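> One structure, pasted below without further comment.
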Amino acid sequence: MSVSVLPPLLLSRDRPSDVARLDRDGALHRVRAGVYVQAAAWSALAPWQRYRVRVQAVTATWSDPVLCLESAAAEIGLPVFGEPREIHLLSSNGRSWREGDVVVHGTRDERSVLARDGIRMTSVADTAVDLCRVLPPAFALAVADAALRMPAGEDAPAGSLDVAALGRGRSDRRGRRQLDWVGRRATAAAESTGESVSRAVIEWLGFEEPELQREHRHEGALDRTDFFWARTRTIGESDGYGKYDAADSDASKAHFIEEKKREDRLRRHEGGFARWDWADAMRAEPLGSKLNAAGLSPVHRRRSAFLATLAANPRSFAPRTRGSRARPGARPRVSA
């Protein structure tokens with residue numbers, strides 16, 4: 001996953017007169033004590049981008065921190081859901097403590113640490129295992145899938161990450177059942193966070209397991225679909241945020257036209273066709289209705305307890321706006 005470019009931080013220790021003047025004029029947003037960004041740039045950021053700015057503000061003001069959990073994910077490029085409440089650091093002495101919104105985690109288990117652009121963080125594998133213990137299960141699956149999609153390297157064992165095995169090799173017993181659940185399902189074939197979450201919802205609604213990234217050859221074209229149910233020849237497509245967006249409106253329009261031609265071609269030669277977006281998957285029922293309309297019926301019992309975990313992410317909050325308070329448990333958007 002690519003990591004977006006963020007507005008530069010302004011530190012009062014480096015430019016005290018400029019920061020004081022701009023802050024007085026209302027041109028700055030205070031990220032934390034002594035750290036600011038341009039207010040206009042801050043207001044344009046998505047929740048996960050605001051979180052990453054908060055993370056970088058901590059790395060700029062703390063002494064040699066090591067990021068972990070969501071904070072490491074934000075820098076590595078793993079999915080971040082909404083705007084997490086806390087900044088997470090790995091303890092250097094095994095002791096856990098908190099200072100404001102910064103939580104320092106002590107652990108008896110070793111972590112691999114990597115550095116990117118001068119920022120230290122837990123490795124892709126360690127970050128994925130740690131998050132898969134504590135996130136709601138559909139989000140945990142999305143993190144594991146994303147880790148498997150990363151190119152192979154010293155910090156990202158692409159295609160070979162087994163979160164269940166890694167988790168069970170540690171003294172921490174939290175979330176072991178969830179690690180097992182994620183480990184049995186994680187795959188690099190799911191190409192987006194929306195697809196990963198949709199896979200979980202499809203299972204919990206009781207539908208049979210689809211084939212991922214099926215290729216279709218019709219009318220001289222090769223098309224690939226997100227989900228395919230061979231028994232009914234039904235196609236499923238998960239749209240992410242901005243799937244048809246582009247900086248150039250003409251390019252966006254051209255992409256939309258080509259996608260419409262592709263969908264029409266698939267509809268002519270296959271069975272049913274269902275298309276849904278992130279909101280449909282997060283609410284579950286709209287996704288189920290679209291699969292029903294495309295000709296699919298549940299074949300397993302519904303997993304209501306799992307579906308209920310989609311309602312909120314307790315580790316995230318709705319971003320603050322002027323004159324409002326943070327709202328715990330809001331449905332998160334996602335950095336994917």
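Ordered as shown in the structure tokens, chains take letters A, B, and onward, while each chain numbers its residues from 1 and ligands are numbered from 1 in the order shown.
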Residues within 7 Å of segment 60-71 of chain A, please, as a list in words. Count only C-alpha atoms; anything in the same chain fewer than 3 positions from it doesn't count.
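Counting only the stated atoms, we get Val55, Gln56, Ala57, Ala74, Glu75, Val80, Ile87, His88, Leu89, Leu90, Arg120, Met121, Thr122, Thr127, Asp130 and Leu131 of chain A.
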> Show which residues sit within 10 Å of Leu291 of chain A, as a compact mmCIF listing (two decimals) with N, CA and C atoms, in the first residue's frame. Count only C-alpha atoms, and ignore same-chain residues fewer than 2 positions away.

# COMPACT_ATOMS: atom_id res chain seq x y z
N ILE A 202 -19.30 -11.60 3.73
CA ILE A 202 -19.94 -12.63 2.91
C ILE A 202 -20.00 -13.95 3.68
N PHE A 207 -23.08 -16.92 3.00
CA PHE A 207 -22.89 -17.28 1.59
C PHE A 207 -21.66 -18.17 1.43
N THR A 234 -21.91 -16.30 -10.71
CA THR A 234 -22.21 -14.96 -10.22
C THR A 234 -20.93 -14.20 -9.95
N ILE A 235 -20.92 -12.94 -10.35
CA ILE A 235 -19.76 -12.06 -10.17
C ILE A 235 -20.06 -11.05 -9.07
N GLY A 236 -19.06 -10.75 -8.26
CA GLY A 236 -19.16 -9.71 -7.24
C GLY A 236 -18.01 -8.74 -7.36
N GLY A 272 -25.38 -13.80 -12.60
CA GLY A 272 -25.70 -12.57 -11.91
C GLY A 272 -24.48 -11.69 -11.68
N PHE A 273 -24.75 -10.42 -11.38
CA PHE A 273 -23.67 -9.45 -11.15
C PHE A 273 -24.07 -8.57 -9.98
N ALA A 274 -23.20 -8.48 -8.98
CA ALA A 274 -23.46 -7.64 -7.80
C ALA A 274 -22.28 -6.69 -7.62
N ARG A 275 -22.60 -5.41 -7.38
CA ARG A 275 -21.57 -4.42 -7.11
C ARG A 275 -21.94 -3.69 -5.82
N TRP A 276 -20.97 -3.53 -4.92
CA TRP A 276 -21.24 -2.86 -3.66
C TRP A 276 -20.05 -1.99 -3.29
N GLU A 285 -26.19 -5.73 5.65
CA GLU A 285 -27.48 -6.06 5.03
C GLU A 285 -27.55 -5.61 3.57
N PRO A 286 -27.09 -4.40 3.22
CA PRO A 286 -27.11 -4.02 1.80
C PRO A 286 -26.28 -4.95 0.92
N LEU A 287 -25.15 -5.40 1.44
CA LEU A 287 -24.33 -6.35 0.68
C LEU A 287 -25.08 -7.65 0.49
N GLY A 288 -25.70 -8.15 1.55
CA GLY A 288 -26.47 -9.38 1.44
C GLY A 288 -27.61 -9.25 0.45
N SER A 289 -28.30 -8.12 0.45
CA SER A 289 -29.41 -7.92 -0.48
C SER A 289 -28.93 -7.91 -1.92
N ALA A 293 -30.02 -10.48 -4.87
CA ALA A 293 -30.57 -10.00 -6.15
C ALA A 293 -29.79 -10.54 -7.33
N ALA A 294 -28.50 -10.86 -7.11
CA ALA A 294 -27.67 -11.41 -8.18
C ALA A 294 -27.83 -12.91 -8.34
N GLY A 295 -28.65 -13.53 -7.48
CA GLY A 295 -28.94 -14.95 -7.62
C GLY A 295 -28.31 -15.85 -6.60
N LEU A 296 -27.66 -15.29 -5.57
CA LEU A 296 -27.05 -16.11 -4.53
C LEU A 296 -27.96 -16.22 -3.32
N SER A 297 -27.89 -17.36 -2.66
CA SER A 297 -28.63 -17.58 -1.42
C SER A 297 -27.69 -18.11 -0.37
N PRO A 298 -27.88 -17.77 0.90
CA PRO A 298 -27.01 -18.30 1.97
C PRO A 298 -27.06 -19.83 2.00
> Select from segment 167-234 of chain A everything DSSP, run on the backbone, classes as helix (DSSP H, G or I), then give the selection as JSON, numbers by chain.
{"A": [167, 168, 176, 177, 178, 179, 180, 181, 182, 183, 184, 185, 193, 194, 195, 196, 197, 198, 199, 200, 201, 202, 203, 204]}
> Which one of A:Pro79, A:Pro314, A:Pro210, A:Pro84 sits closest to Asp101 of chain A if you count only C-alpha atoms?
A:Pro84
> Which residue gives the smallest distance to Leu307 of chain A among A:Ser171, A:Ser123, A:Ser198, A:Ser17, with only C-alpha atoms counted?
A:Ser198
> Need the shell around Val53 of chain A: protein/DNA/RNA residues with any atom at most 10 Å away, counting only C-alpha atoms. Skip same-chain ones fewer than 6 positions apart. Format as a list in words?
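What passes the distance filter is Leu6, Pro7, Pro8, Leu9, Val31, Val35, Tyr36, Val37, Trp42, Leu45, Pro47, Thr59 and Ala74 of chain A.
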> Given the selection you just returned, output its residues as a file containing N, CA and C atoms, formatted as a compact mmCIF listing (two decimals), in the first residue's frame.

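The resulting result_17.txt:
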# COMPACT_ATOMS: atom_id res chain seq x y z
N LEU A 6 2.23 13.97 3.32
CA LEU A 6 1.52 14.76 4.32
C LEU A 6 2.08 16.18 4.36
N PRO A 7 1.31 17.14 4.88
CA PRO A 7 1.84 18.51 5.03
C PRO A 7 2.99 18.53 6.02
N PRO A 8 3.96 19.41 5.80
CA PRO A 8 5.12 19.45 6.70
C PRO A 8 4.75 19.95 8.09
N LEU A 9 5.45 19.43 9.08
CA LEU A 9 5.27 19.88 10.46
C LEU A 9 6.06 21.16 10.69
N VAL A 31 -1.04 20.43 16.54
CA VAL A 31 -1.13 18.97 16.57
C VAL A 31 -0.86 18.46 17.98
N VAL A 35 4.08 21.58 18.11
CA VAL A 35 4.04 21.04 16.75
C VAL A 35 2.76 21.51 16.07
N TYR A 36 2.91 22.08 14.87
CA TYR A 36 1.78 22.66 14.15
C TYR A 36 1.83 22.24 12.68
N VAL A 37 0.68 22.34 12.01
CA VAL A 37 0.60 22.26 10.56
C VAL A 37 -0.30 23.38 10.09
N TRP A 42 -4.55 20.80 7.24
CA TRP A 42 -5.10 19.87 8.22
C TRP A 42 -6.56 19.57 7.93
N LEU A 45 -7.30 16.88 5.31
CA LEU A 45 -6.81 15.52 5.47
C LEU A 45 -7.93 14.55 5.82
N PRO A 47 -9.24 11.12 7.89
CA PRO A 47 -8.97 10.75 9.29
C PRO A 47 -7.65 10.02 9.48
N THR A 59 7.03 11.45 16.82
CA THR A 59 8.39 11.07 16.45
C THR A 59 9.32 12.27 16.39
N ALA A 74 0.48 2.96 10.22
CA ALA A 74 0.33 4.20 9.47
C ALA A 74 1.59 4.52 8.68
> So that I can check the surroundings of Pro136 of chain A, please list as a list in words every protein, DNA and RNA residue that reaches within 8 Å of it, counting only C-alpha atoms and ignoring chain neighbours fewer than 2 positions away.
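After dropping sequence-adjacent residues, the list is Val134, Ala138, Phe139, Ala140, Thr309, Leu310 and Asn313 of chain A.
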> I need the residues from that last selection saved to file as a PDB file, in the first residue's frame (with C-alpha atoms), if you can.

ATOM      1  CA  VAL A 134      -6.917  -6.512  18.991  1.00  0.00           C
ATOM      2  CA  ALA A 138     -12.852  -8.127   9.608  1.00  0.00           C
ATOM      3  CA  PHE A 139     -10.306  -5.343  10.060  1.00  0.00           C
ATOM      4  CA  ALA A 140      -7.746  -7.833  11.361  1.00  0.00           C
ATOM      5  CA  THR A 309     -18.317  -6.399  15.331  1.00  0.00           C
ATOM      6  CA  LEU A 310     -18.702  -4.242  12.214  1.00  0.00           C
ATOM      7  CA  ASN A 313     -14.061   0.114  16.131  1.00  0.00           C
TER       8      ASN A 313
END
> Restricting the calculation to only C-alpha atoms: of A:Ser92, A:Gln213, A:Ser304, A:Ser196, which residue gets closest to Val113 of chain A?
A:Ser92
> List every residue of segment 135-251 of chain A that DSSP, applied to the backbone, labels as strand (DSSP E or B), and write the result as a list in words.
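Of segment 135-251 of chain A, only Gly153, Ala156, Glu211, Leu212, Gln213, Arg214, Glu215, His216, Arg217, His218, Ala221, Leu222, Asp223, Arg224, Thr225, Asp226, Phe227, Phe228, Trp229, Thr234, Ile235, Gly236, Glu237, Ser238 and Asp239 of chain A fall in strand (DSSP E or B).
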> Could you write those residues out with N, CA and C atoms, as a tab-separated table (two decimals), in the first residue's frame?

chain	number	residue	atom	x	y	z
A	153	GLY	N	10.85	-8.72	1.42
A	153	GLY	CA	12.02	-7.97	1.87
A	153	GLY	C	12.32	-8.34	3.30
A	156	ALA	N	9.23	-7.56	5.27
A	156	ALA	CA	7.93	-7.98	4.76
A	156	ALA	C	8.05	-9.32	4.05
A	211	GLU	N	-14.50	-17.46	-5.31
A	211	GLU	CA	-13.15	-17.49	-5.88
A	211	GLU	C	-12.72	-16.04	-6.09
A	212	LEU	N	-11.45	-15.76	-5.78
A	212	LEU	CA	-10.94	-14.40	-5.89
A	212	LEU	C	-10.15	-14.21	-7.18
A	213	GLN	N	-10.31	-13.04	-7.77
A	213	GLN	CA	-9.55	-12.62	-8.95
A	213	GLN	C	-9.66	-13.62	-10.11
A	214	ARG	N	-10.89	-14.02	-10.40
A	214	ARG	CA	-11.15	-14.94	-11.51
A	214	ARG	C	-11.00	-14.20	-12.84
A	215	GLU	N	-10.36	-14.83	-13.81
A	215	GLU	CA	-10.20	-14.25	-15.15
A	215	GLU	C	-11.32	-14.74	-16.06
A	216	HIS	N	-11.84	-13.83	-16.89
A	216	HIS	CA	-12.92	-14.12	-17.83
A	216	HIS	C	-12.50	-13.63	-19.22
A	217	ARG	N	-12.61	-14.52	-20.21
A	217	ARG	CA	-12.26	-14.15	-21.58
A	217	ARG	C	-13.54	-14.14	-22.42
A	218	HIS	N	-13.95	-12.95	-22.81
A	218	HIS	CA	-15.15	-12.78	-23.63
A	218	HIS	C	-14.93	-11.66	-24.63
A	221	ALA	N	-11.64	-9.90	-24.98
A	221	ALA	CA	-11.10	-9.16	-23.84
A	221	ALA	C	-10.84	-10.10	-22.67
A	222	LEU	N	-9.86	-9.75	-21.85
A	222	LEU	CA	-9.57	-10.48	-20.64
A	222	LEU	C	-9.96	-9.60	-19.45
A	223	ASP	N	-10.95	-10.03	-18.70
A	223	ASP	CA	-11.43	-9.29	-17.54
A	223	ASP	C	-11.19	-10.11	-16.29
A	224	ARG	N	-10.89	-9.44	-15.21
A	224	ARG	CA	-10.69	-10.10	-13.93
A	224	ARG	C	-11.69	-9.52	-12.93
A	225	THR	N	-12.29	-10.40	-12.14
A	225	THR	CA	-13.31	-9.95	-11.21
A	225	THR	C	-12.87	-10.20	-9.77
A	226	ASP	N	-13.37	-9.37	-8.85
A	226	ASP	CA	-12.99	-9.49	-7.45
A	226	ASP	C	-13.45	-10.81	-6.85
A	227	PHE	N	-14.72	-11.16	-7.10
A	227	PHE	CA	-15.33	-12.36	-6.53
A	227	PHE	C	-16.09	-13.11	-7.62
A	228	PHE	N	-16.04	-14.44	-7.56
A	228	PHE	CA	-16.79	-15.25	-8.53
A	228	PHE	C	-17.28	-16.51	-7.85
A	229	TRP	N	-18.58	-16.77	-8.01
A	229	TRP	CA	-19.19	-18.00	-7.51
A	229	TRP	C	-19.47	-18.90	-8.71
A	234	THR	N	-21.91	-16.30	-10.71
A	234	THR	CA	-22.21	-14.96	-10.22
A	234	THR	C	-20.93	-14.20	-9.95
A	235	ILE	N	-20.92	-12.94	-10.35
A	235	ILE	CA	-19.76	-12.06	-10.17
A	235	ILE	C	-20.06	-11.05	-9.07
A	236	GLY	N	-19.06	-10.75	-8.26
A	236	GLY	CA	-19.16	-9.71	-7.24
A	236	GLY	C	-18.01	-8.74	-7.36
A	237	GLU	N	-18.31	-7.45	-7.26
A	237	GLU	CA	-17.30	-6.40	-7.36
A	237	GLU	C	-17.40	-5.47	-6.17
A	238	SER	N	-16.27	-5.26	-5.49
A	238	SER	CA	-16.21	-4.38	-4.33
A	238	SER	C	-15.54	-3.08	-4.72
A	239	ASP	N	-16.30	-1.99	-4.67
A	239	ASP	CA	-15.75	-0.68	-5.01
A	239	ASP	C	-15.18	-0.02	-3.78
> Set the distance at 6 Å and use only C-alpha atoms: which residues neighbour Glu83 of chain A once local chain neighbours fewer than 3 positions away are removed? I'd like the list as a list of chain:residue names.
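Using only C-alpha atoms, the neighbours found are A:Pro47, A:Trp48, A:Tyr51, A:Ser316, A:Phe317.
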> Would you put the residues from that selection into a file with N, CA and C atoms, as a PDB file, in the first residue's frame?

ATOM      1  N   PRO A  47      -9.244  11.122   7.891  1.00  0.00           N
ATOM      2  CA  PRO A  47      -8.967  10.754   9.291  1.00  0.00           C
ATOM      3  C   PRO A  47      -7.655  10.016   9.480  1.00  0.00           C
ATOM      4  N   TRP A  48      -7.332   9.043   8.635  1.00  0.00           N
ATOM      5  CA  TRP A  48      -6.104   8.268   8.810  1.00  0.00           C
ATOM      6  C   TRP A  48      -4.879   9.128   8.502  1.00  0.00           C
ATOM      7  N   TYR A  51      -4.251  11.102  11.589  1.00  0.00           N
ATOM      8  CA  TYR A  51      -3.595  10.237  12.567  1.00  0.00           C
ATOM      9  C   TYR A  51      -2.105  10.134  12.285  1.00  0.00           C
ATOM     10  N   SER A 316     -10.911   3.493  17.698  1.00  0.00           N
ATOM     11  CA  SER A 316     -10.945   4.675  16.846  1.00  0.00           C
ATOM     12  C   SER A 316     -12.010   5.635  17.331  1.00  0.00           C
ATOM     13  N   PHE A 317     -11.902   6.902  16.936  1.00  0.00           N
ATOM     14  CA  PHE A 317     -12.950   7.862  17.237  1.00  0.00           C
ATOM     15  C   PHE A 317     -13.228   8.703  16.014  1.00  0.00           C
TER      16      PHE A 317
END
> Just how far from atom CA of Ala284 of chain A is atom CA of Phe306 of chain A, in Å to one decimal?
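Answer for the atom CA of Phe306 of chain A to atom CA of Ala284 of chain A separation: 10.9 Å.
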> Closest to Trp204 of chain A among A:Ala281, A:Arg54, A:Ala20, A:Gly175, using only C-alpha atoms?
A:Ala281
